[in-house]
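Asker: Below is the structure I would like to discuss, written out as structure tokens.
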Amino acid sequence: MAGKTKSQKKKALDMRSKMYLVLALCSVMLLVSVGISLVLIGGIDLGGADAQSVSTVDSASMVVESGYNKEENTIDTQAYTSTILEQAADAGDSYVDETLFLGDSNTARMYRMFDYCSYDNAIGSVGMTAKSLATFACVQVSTSSGYITMPQAVAKLQPRRVILTFGTNDLNPGYKAADFVKNYQTGIEAIVTAYPSVDIIVNAIPPIGQQHSNQSLTQTQVDEYNKALVEMCQEKDWKFLNSAEVLKDSVTGYAKSGYVETSDGIHLTRTAMDALFNYIRTHSYITEDDRPALTTIPKHTGDKDAVVYTVPVYVKPTGWGGEVWPVLNVKVRERSGEDCQEGNDLLRQVLPQDLNAFGMIPEFVGRTPVVTQTQALDEDDLVSILTEPKNAVVRQYRKMFQLEDVDLEFEDAALHEIARMALARKTGARGLRAICEDVLQQTMFDLPSEEGVAKVIVTEAAVKGEEQPQRIYG
């Protein structure tokens with residue numbers, strides 16, 4: 001009829017169209033999810049300053065210093081001959097043992113990571129500044145229930161001399177050398193007040209690498225601070241240990257290659273520590289021992305770091321290996337007086353404070369109620385695994401041989417040889433089946449077509465590959 005419009009029904013989607021629609025929706029959702037994830041981790045530059053700063057922090061990029069003039073703040077050693085310690089004969093380990101080392105993370109590394117010192121003659125607090133030397137309570141000793149300051153610790157430990165190494169954590173473009181020295185001097189005077197008999201030696205701030213992880217640090221300011229320190233020492237009649245001269249590269253003025261960790265360009269390596277302690281022993285300061293009669297000396301039992309990092313001070317990428325053994329051995333030896341071999345004997349004696357010394361943060365160790373260890377399997381353990389469990393490898397092979405009406409016997413010497421081979425290959429219990437398979441493969445291939453075999457005996461020689469397992473006919 002005229003004036004009527006014919007309504008048309010919408011055609012329903014067929015199965016293929018529905019499938020395409022679902023795929024399209026899934027793809028859109030996937031793209032949105034990926035985009036949100038990238039924004040959250042700072043992977044997309046949103047163009048704003050805030051987003052850019054977050055990305056910069058997360059990348060932890062190294063800073064390459066430029067414009068440094070190594071001649072600008074050199075120390076005139078001739079002008080400070082009575083203050084700067086000069087080279088002398090090697091004073092030996094006894095000189096180090098009589099010295100108490102106070103400092104920041106590089107001092108902490110001397111005994112927490114390396115074995116140049118011990119808890120008996122070193123106190124280090126990671127992140128500590130010279131400004132906080134007089135006031136920061138960071139030392140635990142056996143006669144005090146809480147933390148005490150380093151000057152208080154000096155009075156209790158009664159050392160013959162102290163070597164102080166602070167300054168790296170004070171470096172800041174807005175912190176002038178005069179203010180740094182003023183605050184440092186206040187801390188040292190607190191030590192002298194607490195224990196007047198102690199000899200004061202101020203160590204130079206160690207050089208940093210040209211490439212380092214903190215943009216606030218410059219080698220120029222390190223030199224400025226060291227120059228101010230030697231002036232302070234001359235004024236106060238203290239001694240200055242110019243160890244920077246052995247740690248610095250004579251050409252660049254930065255730390256020598258291999259002397260600072262490549263991960264941050266700041267902390268001294270074992271190689272640098274070797275050079276530093278050789279310098280300390282050959283630039284000694286030995287005066288008449290005028291200390292009053294020593295009273296009972298407590299044990300230094302722990303430290304509190306000024307800055308707690310969320311990563312260990314030192315952990316090899318492969319985890320528990322490499323230099324962890326010397327670190328733990330030093331701590332165990334301090335308690336027991338005996339050296340332990342790497343492995344079960346050493347791990348069995350590890351205590352929570354040893355994990356702190358290794359580099360694990362106290363907050364992590366303190367939340368671990370039980371410290372235990374897994375022990376490496378030895379030869380007898382592997383033999384037990386071969387034979388004792390309900391589904392032991394030896395029992396499985398015996399069952400397979402019984403399908404051919406053949407008894408299978410392993411001599412005791414053969415079982416021990418299999419275990420020794422697994423230990424040698426470092427495959428542990430997982431490698432036992434592979435060794436048995438190699439030994440029995442040819443025999444298992446021959447048995448179905450060979451009549452009269454009643455028993456197969458696996459000998460030590462068979463395991464070594466010198467002969468086939470013995471076949472007994474009957």
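Identifiers in the structure tokens: chain A, B, ... in order shown; residue index from 1 per chain; ligand index from 1 in order shown.
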Quick one: everything within 9 Å of range 197-199 of chain A, counting only C-alpha atoms, minus sequence neighbours fewer than 6 positions away in the same chain. Send it as a list in words.
Answerer: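 Answer for this query is Val154, Gln158, Pro159, Arg160, Arg161, Val162, Ile163, Ile191, Trp238, Lys239, Tyr285, Ile286, Thr287, Asp289, Asp290, Arg291 and Pro292 of chain A.
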Asker: Please save C-alpha atoms of the selected residues as a compact mmCIF listing (two decimals), in the first residue's frame.
Answerer:
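Produced file result.txt, reproduced below:
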# COMPACT_ATOMS: atom_id res chain seq x y z
CA VAL A 154 86.21 4.62 71.40
CA GLN A 158 90.38 2.03 74.36
CA PRO A 159 92.40 1.77 71.12
CA ARG A 160 95.91 3.10 70.74
CA ARG A 161 94.93 5.12 67.67
CA VAL A 162 91.97 5.69 65.35
CA ILE A 163 91.94 6.15 61.59
CA ILE A 191 86.38 11.38 70.34
CA TRP A 238 96.35 15.61 64.18
CA LYS A 239 97.89 13.41 61.50
CA TYR A 285 102.20 6.77 63.18
CA ILE A 286 103.57 5.14 66.33
CA THR A 287 103.91 7.16 69.51
CA ASP A 289 101.69 4.32 74.49
CA ASP A 290 100.45 6.66 77.24
CA ARG A 291 97.08 5.05 77.72
CA PRO A 292 96.05 4.47 81.33
Asker: What lies within 6 Å of Tyr254 in chain A using only C-alpha atoms, ignoring chain neighbours under 4 positions off, as a list in words?
Answerer: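 Neighbouring residues, sequence-local ones excluded: Pro207, Ile208, Gly209, Gln210, Lys248 and Asp249 of chain A.
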Asker: From the options A:Ala414, A:Met444, A:Ala424, A:Ala194, which residue's atoms come nearest to Gly465 in chain A, counting only C-alpha atoms?
Answerer: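 The shortest atom-to-atom distance to Gly465 in chain A comes from A:Ala414.
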Asker: Determine, counting only C-alpha atoms, which protein, DNA and RNA residues have an atom within 10 Å of an atom of range 202-204 of chain A; residues of the same chain fewer than 3 positions away are not included. Present the result as a PDB file with N, CA and C atoms, in the first residue's frame.
Answerer:
ATOM      1  N   ILE A  84     101.316  15.395  57.326  1.00  0.00           N
ATOM      2  CA  ILE A  84     101.087  14.259  56.435  1.00  0.00           C
ATOM      3  C   ILE A  84     102.059  13.138  56.787  1.00  0.00           C
ATOM      4  N   PHE A 101      89.509   1.447  63.238  1.00  0.00           N
ATOM      5  CA  PHE A 101      89.091   2.119  62.011  1.00  0.00           C
ATOM      6  C   PHE A 101      87.638   2.554  62.150  1.00  0.00           C
ATOM      7  N   LEU A 102      87.384   3.828  61.946  1.00  0.00           N
ATOM      8  CA  LEU A 102      86.039   4.389  62.004  1.00  0.00           C
ATOM      9  C   LEU A 102      85.704   4.986  60.644  1.00  0.00           C
ATOM     10  N   GLY A 103      84.473   4.748  60.151  1.00  0.00           N
ATOM     11  CA  GLY A 103      84.138   5.322  58.862  1.00  0.00           C
ATOM     12  C   GLY A 103      82.778   4.923  58.363  1.00  0.00           C
ATOM     13  N   VAL A 162      93.114   5.866  66.249  1.00  0.00           N
ATOM     14  CA  VAL A 162      91.972   5.686  65.352  1.00  0.00           C
ATOM     15  C   VAL A 162      92.327   6.278  63.992  1.00  0.00           C
ATOM     16  N   ILE A 163      91.851   5.619  62.948  1.00  0.00           N
ATOM     17  CA  ILE A 163      91.939   6.154  61.585  1.00  0.00           C
ATOM     18  C   ILE A 163      90.518   6.381  61.109  1.00  0.00           C
ATOM     19  N   LEU A 164      90.195   7.633  60.820  1.00  0.00           N
ATOM     20  CA  LEU A 164      88.842   7.997  60.423  1.00  0.00           C
ATOM     21  C   LEU A 164      88.762   8.201  58.916  1.00  0.00           C
ATOM     22  N   THR A 165      87.754   7.618  58.292  1.00  0.00           N
ATOM     23  CA  THR A 165      87.546   7.784  56.850  1.00  0.00           C
ATOM     24  C   THR A 165      86.089   8.160  56.614  1.00  0.00           C
ATOM     25  N   PHE A 166      85.821   9.449  56.618  1.00  0.00           N
ATOM     26  CA  PHE A 166      84.494   9.975  56.329  1.00  0.00           C
ATOM     27  C   PHE A 166      84.600  11.004  55.210  1.00  0.00           C
ATOM     28  N   GLY A 167      83.463  11.343  54.633  1.00  0.00           N
ATOM     29  CA  GLY A 167      83.443  12.424  53.652  1.00  0.00           C
ATOM     30  C   GLY A 167      82.705  12.111  52.370  1.00  0.00           C
ATOM     31  N   ILE A 188      85.470  14.739  65.719  1.00  0.00           N
ATOM     32  CA  ILE A 188      86.773  14.246  66.178  1.00  0.00           C
ATOM     33  C   ILE A 188      87.065  14.737  67.591  1.00  0.00           C
ATOM     34  N   PRO A 207      89.224   8.486  46.250  1.00  0.00           N
ATOM     35  CA  PRO A 207      88.767   9.020  44.963  1.00  0.00           C
ATOM     36  C   PRO A 207      87.614   8.193  44.411  1.00  0.00           C
ATOM     37  N   VAL A 222      85.860  16.195  46.046  1.00  0.00           N
ATOM     38  CA  VAL A 222      86.680  15.287  46.854  1.00  0.00           C
ATOM     39  C   VAL A 222      88.041  15.923  47.133  1.00  0.00           C
ATOM     40  N   ASP A 223      88.651  16.482  46.093  1.00  0.00           N
ATOM     41  CA  ASP A 223      89.957  17.134  46.266  1.00  0.00           C
ATOM     42  C   ASP A 223      89.856  18.352  47.179  1.00  0.00           C
ATOM     43  N   TYR A 225      87.684  18.877  49.616  1.00  0.00           N
ATOM     44  CA  TYR A 225      87.526  18.400  50.988  1.00  0.00           C
ATOM     45  C   TYR A 225      88.847  17.892  51.556  1.00  0.00           C
ATOM     46  N   ASN A 226      89.594  17.125  50.773  1.00  0.00           N
ATOM     47  CA  ASN A 226      90.870  16.591  51.266  1.00  0.00           C
ATOM     48  C   ASN A 226      91.873  17.707  51.560  1.00  0.00           C
ATOM     49  N   LYS A 227      91.865  18.712  50.722  1.00  0.00           N
ATOM     50  CA  LYS A 227      92.766  19.847  50.970  1.00  0.00           C
ATOM     51  C   LYS A 227      92.390  20.561  52.266  1.00  0.00           C
ATOM     52  N   LEU A 229      90.895  19.110  54.784  1.00  0.00           N
ATOM     53  CA  LEU A 229      91.178  18.186  55.887  1.00  0.00           C
ATOM     54  C   LEU A 229      92.622  18.284  56.347  1.00  0.00           C
ATOM     55  N   VAL A 230      93.549  18.371  55.414  1.00  0.00           N
ATOM     56  CA  VAL A 230      94.956  18.431  55.816  1.00  0.00           C
ATOM     57  C   VAL A 230      95.237  19.743  56.538  1.00  0.00           C
ATOM     58  N   MET A 232      92.992  21.302  58.420  1.00  0.00           N
ATOM     59  CA  MET A 232      92.404  21.095  59.744  1.00  0.00           C
ATOM     60  C   MET A 232      93.351  20.293  60.631  1.00  0.00           C
ATOM     61  N   CYS A 233      93.936  19.232  60.073  1.00  0.00           N
ATOM     62  CA  CYS A 233      94.838  18.382  60.854  1.00  0.00           C
ATOM     63  C   CYS A 233      96.065  19.157  61.323  1.00  0.00           C
ATOM     64  N   TRP A 238      96.702  16.988  64.506  1.00  0.00           N
ATOM     65  CA  TRP A 238      96.349  15.610  64.184  1.00  0.00           C
ATOM     66  C   TRP A 238      97.143  15.176  62.956  1.00  0.00           C
ATOM     67  N   LYS A 239      97.146  13.907  62.646  1.00  0.00           N
ATOM     68  CA  LYS A 239      97.894  13.408  61.500  1.00  0.00           C
ATOM     69  C   LYS A 239      96.955  13.137  60.324  1.00  0.00           C
ATOM     70  N   PHE A 240      97.492  13.342  59.134  1.00  0.00           N
ATOM     71  CA  PHE A 240      96.718  13.145  57.908  1.00  0.00           C
ATOM     72  C   PHE A 240      97.332  12.010  57.090  1.00  0.00           C
ATOM     73  N   LEU A 241      96.510  11.020  56.768  1.00  0.00           N
ATOM     74  CA  LEU A 241      96.954   9.888  55.955  1.00  0.00           C
ATOM     75  C   LEU A 241      96.528  10.148  54.514  1.00  0.00           C
ATOM     76  N   ASN A 242      97.478  10.487  53.677  1.00  0.00           N
ATOM     77  CA  ASN A 242      97.173  10.895  52.301  1.00  0.00           C
ATOM     78  C   ASN A 242      97.061   9.671  51.377  1.00  0.00           C
ATOM     79  N   SER A 243      96.170   8.760  51.734  1.00  0.00           N
ATOM     80  CA  SER A 243      96.062   7.507  50.981  1.00  0.00           C
ATOM     81  C   SER A 243      95.515   7.699  49.578  1.00  0.00           C
ATOM     82  N   ALA A 244      94.908   8.852  49.319  1.00  0.00           N
ATOM     83  CA  ALA A 244      94.357   9.090  47.983  1.00  0.00           C
ATOM     84  C   ALA A 244      95.447   9.024  46.915  1.00  0.00           C
ATOM     85  N   GLU A 245      96.683   9.336  47.303  1.00  0.00           N
ATOM     86  CA  GLU A 245      97.751   9.356  46.303  1.00  0.00           C
ATOM     87  C   GLU A 245      98.049   7.972  45.737  1.00  0.00           C
ATOM     88  N   ILE A 280      98.712   2.049  54.528  1.00  0.00           N
ATOM     89  CA  ILE A 280      98.543   2.305  55.963  1.00  0.00           C
ATOM     90  C   ILE A 280      99.730   1.757  56.756  1.00  0.00           C
TER      91      ILE A 280
END
Asker: Tell me, as a VMD selection string, which residues lie within 10 Å of Ala306 in chain A, counting only C-alpha atoms; anything in the same chain fewer than 2 positions away does not count.
Answerer: chain A and resid 104 to 105 124 to 129 132 136 to 138 303 to 304 308 to 309
Asker: DSSP on the backbone, then: every residue of range 95-191 of chain A marked strand (DSSP E or B), written as a tab-separated table (two decimals) with N, CA and C atoms, in the first residue's frame.
Answerer:
chain	number	residue	atom	x	y	z
A	99	THR	N	94.98	-0.52	65.83
A	99	THR	CA	94.27	0.65	65.31
A	99	THR	C	92.78	0.37	65.23
A	100	LEU	N	91.96	1.35	65.59
A	100	LEU	CA	90.52	1.25	65.43
A	100	LEU	C	90.13	2.09	64.22
A	101	PHE	N	89.51	1.45	63.24
A	101	PHE	CA	89.09	2.12	62.01
A	101	PHE	C	87.64	2.55	62.15
A	102	LEU	N	87.38	3.83	61.95
A	102	LEU	CA	86.04	4.39	62.00
A	102	LEU	C	85.70	4.99	60.64
A	103	GLY	N	84.47	4.75	60.15
A	103	GLY	CA	84.14	5.32	58.86
A	103	GLY	C	82.78	4.92	58.36
A	122	ALA	N	87.33	-2.35	63.99
A	122	ALA	CA	86.71	-1.53	62.96
A	122	ALA	C	85.23	-1.32	63.26
A	123	ILE	N	84.76	-0.11	62.98
A	123	ILE	CA	83.35	0.24	63.10
A	123	ILE	C	82.97	1.03	61.87
A	124	GLY	N	82.04	0.51	61.09
A	124	GLY	CA	81.60	1.20	59.88
A	124	GLY	C	80.09	1.29	59.84
A	137	ALA	N	74.06	7.37	67.08
A	137	ALA	CA	74.26	6.14	67.85
A	137	ALA	C	74.13	4.95	66.91
A	138	CYS	N	75.26	4.30	66.63
A	138	CYS	CA	75.26	3.26	65.60
A	138	CYS	C	76.08	2.03	65.99
A	139	VAL	N	76.60	1.99	67.23
A	139	VAL	CA	77.52	0.92	67.62
A	139	VAL	C	76.91	0.10	68.75
A	140	GLN	N	77.02	-1.19	68.62
A	140	GLN	CA	76.62	-2.10	69.69
A	140	GLN	C	77.88	-2.75	70.28
A	141	VAL	N	77.97	-2.72	71.60
A	141	VAL	CA	79.06	-3.42	72.29
A	141	VAL	C	78.44	-4.33	73.33
A	148	ILE	N	75.35	2.99	70.91
A	148	ILE	CA	76.10	4.14	71.40
A	148	ILE	C	76.78	4.81	70.23
A	149	THR	N	77.30	6.02	70.45
A	149	THR	CA	77.98	6.75	69.38
A	149	THR	C	79.41	6.24	69.21
A	161	ARG	N	95.14	4.06	68.65
A	161	ARG	CA	94.93	5.12	67.67
A	161	ARG	C	93.65	4.84	66.89
A	162	VAL	N	93.11	5.87	66.25
A	162	VAL	CA	91.97	5.69	65.35
A	162	VAL	C	92.33	6.28	63.99
A	163	ILE	N	91.85	5.62	62.95
A	163	ILE	CA	91.94	6.15	61.59
A	163	ILE	C	90.52	6.38	61.11
A	164	LEU	N	90.20	7.63	60.82
A	164	LEU	CA	88.84	8.00	60.42
A	164	LEU	C	88.76	8.20	58.92
A	165	THR	N	87.75	7.62	58.29
A	165	THR	CA	87.55	7.78	56.85
A	165	THR	C	86.09	8.16	56.61
Asker: Pick the closest to Asn169 in chain A from A:Ser82, A:Lys256, A:His267, A:Asn73: which is it, counting only C-alpha atoms?
Answerer: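 Of A:Ser82, A:Lys256, A:His267, A:Asn73, the one nearest Asn169 in chain A is A:His267, counting only C-alpha atoms.
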Asker: If I take CA of Ser263 in chain A and CA of Gln211 in chain A, how far is one from the other in Å, to one decimal?
Answerer: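 According to the coordinates, CA of Ser263 in chain A and CA of Gln211 in chain A are separated by 9.6 Å.
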Asker: Quick one: everything within 8 Å of Thr459 in chain A, counting only C-alpha atoms, minus sequence neighbours fewer than 3 positions away in the same chain. Send it as a PDB file with C-alpha atoms, in the first residue's frame.
Answerer:
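Heads up, here's the output in result-v5.pdb:
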ATOM      1  CA  PHE A 410      74.412 -54.277  41.817  1.00  0.00           C
ATOM      2  CA  GLU A 411      77.619 -54.854  43.726  1.00  0.00           C
ATOM      3  CA  ALA A 413      81.345 -51.100  44.918  1.00  0.00           C
ATOM      4  CA  ALA A 414      79.342 -50.458  41.752  1.00  0.00           C
ATOM      5  CA  ALA A 462      81.174 -52.202  34.392  1.00  0.00           C
ATOM      6  CA  VAL A 463      80.251 -48.796  35.767  1.00  0.00           C
ATOM      7  CA  PRO A 469      77.789 -56.270  33.227  1.00  0.00           C
ATOM      8  CA  GLN A 470      78.330 -59.975  33.923  1.00  0.00           C
TER       9      GLN A 470
END
Asker: Using only C-alpha atoms, which of A:Ala91, A:Ala454, A:Val63, A:Ala228 sits nearest Ile75 in chain A?
Answerer: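 Using only C-alpha atoms, Ile75 in chain A sits closest to A:Ala228.
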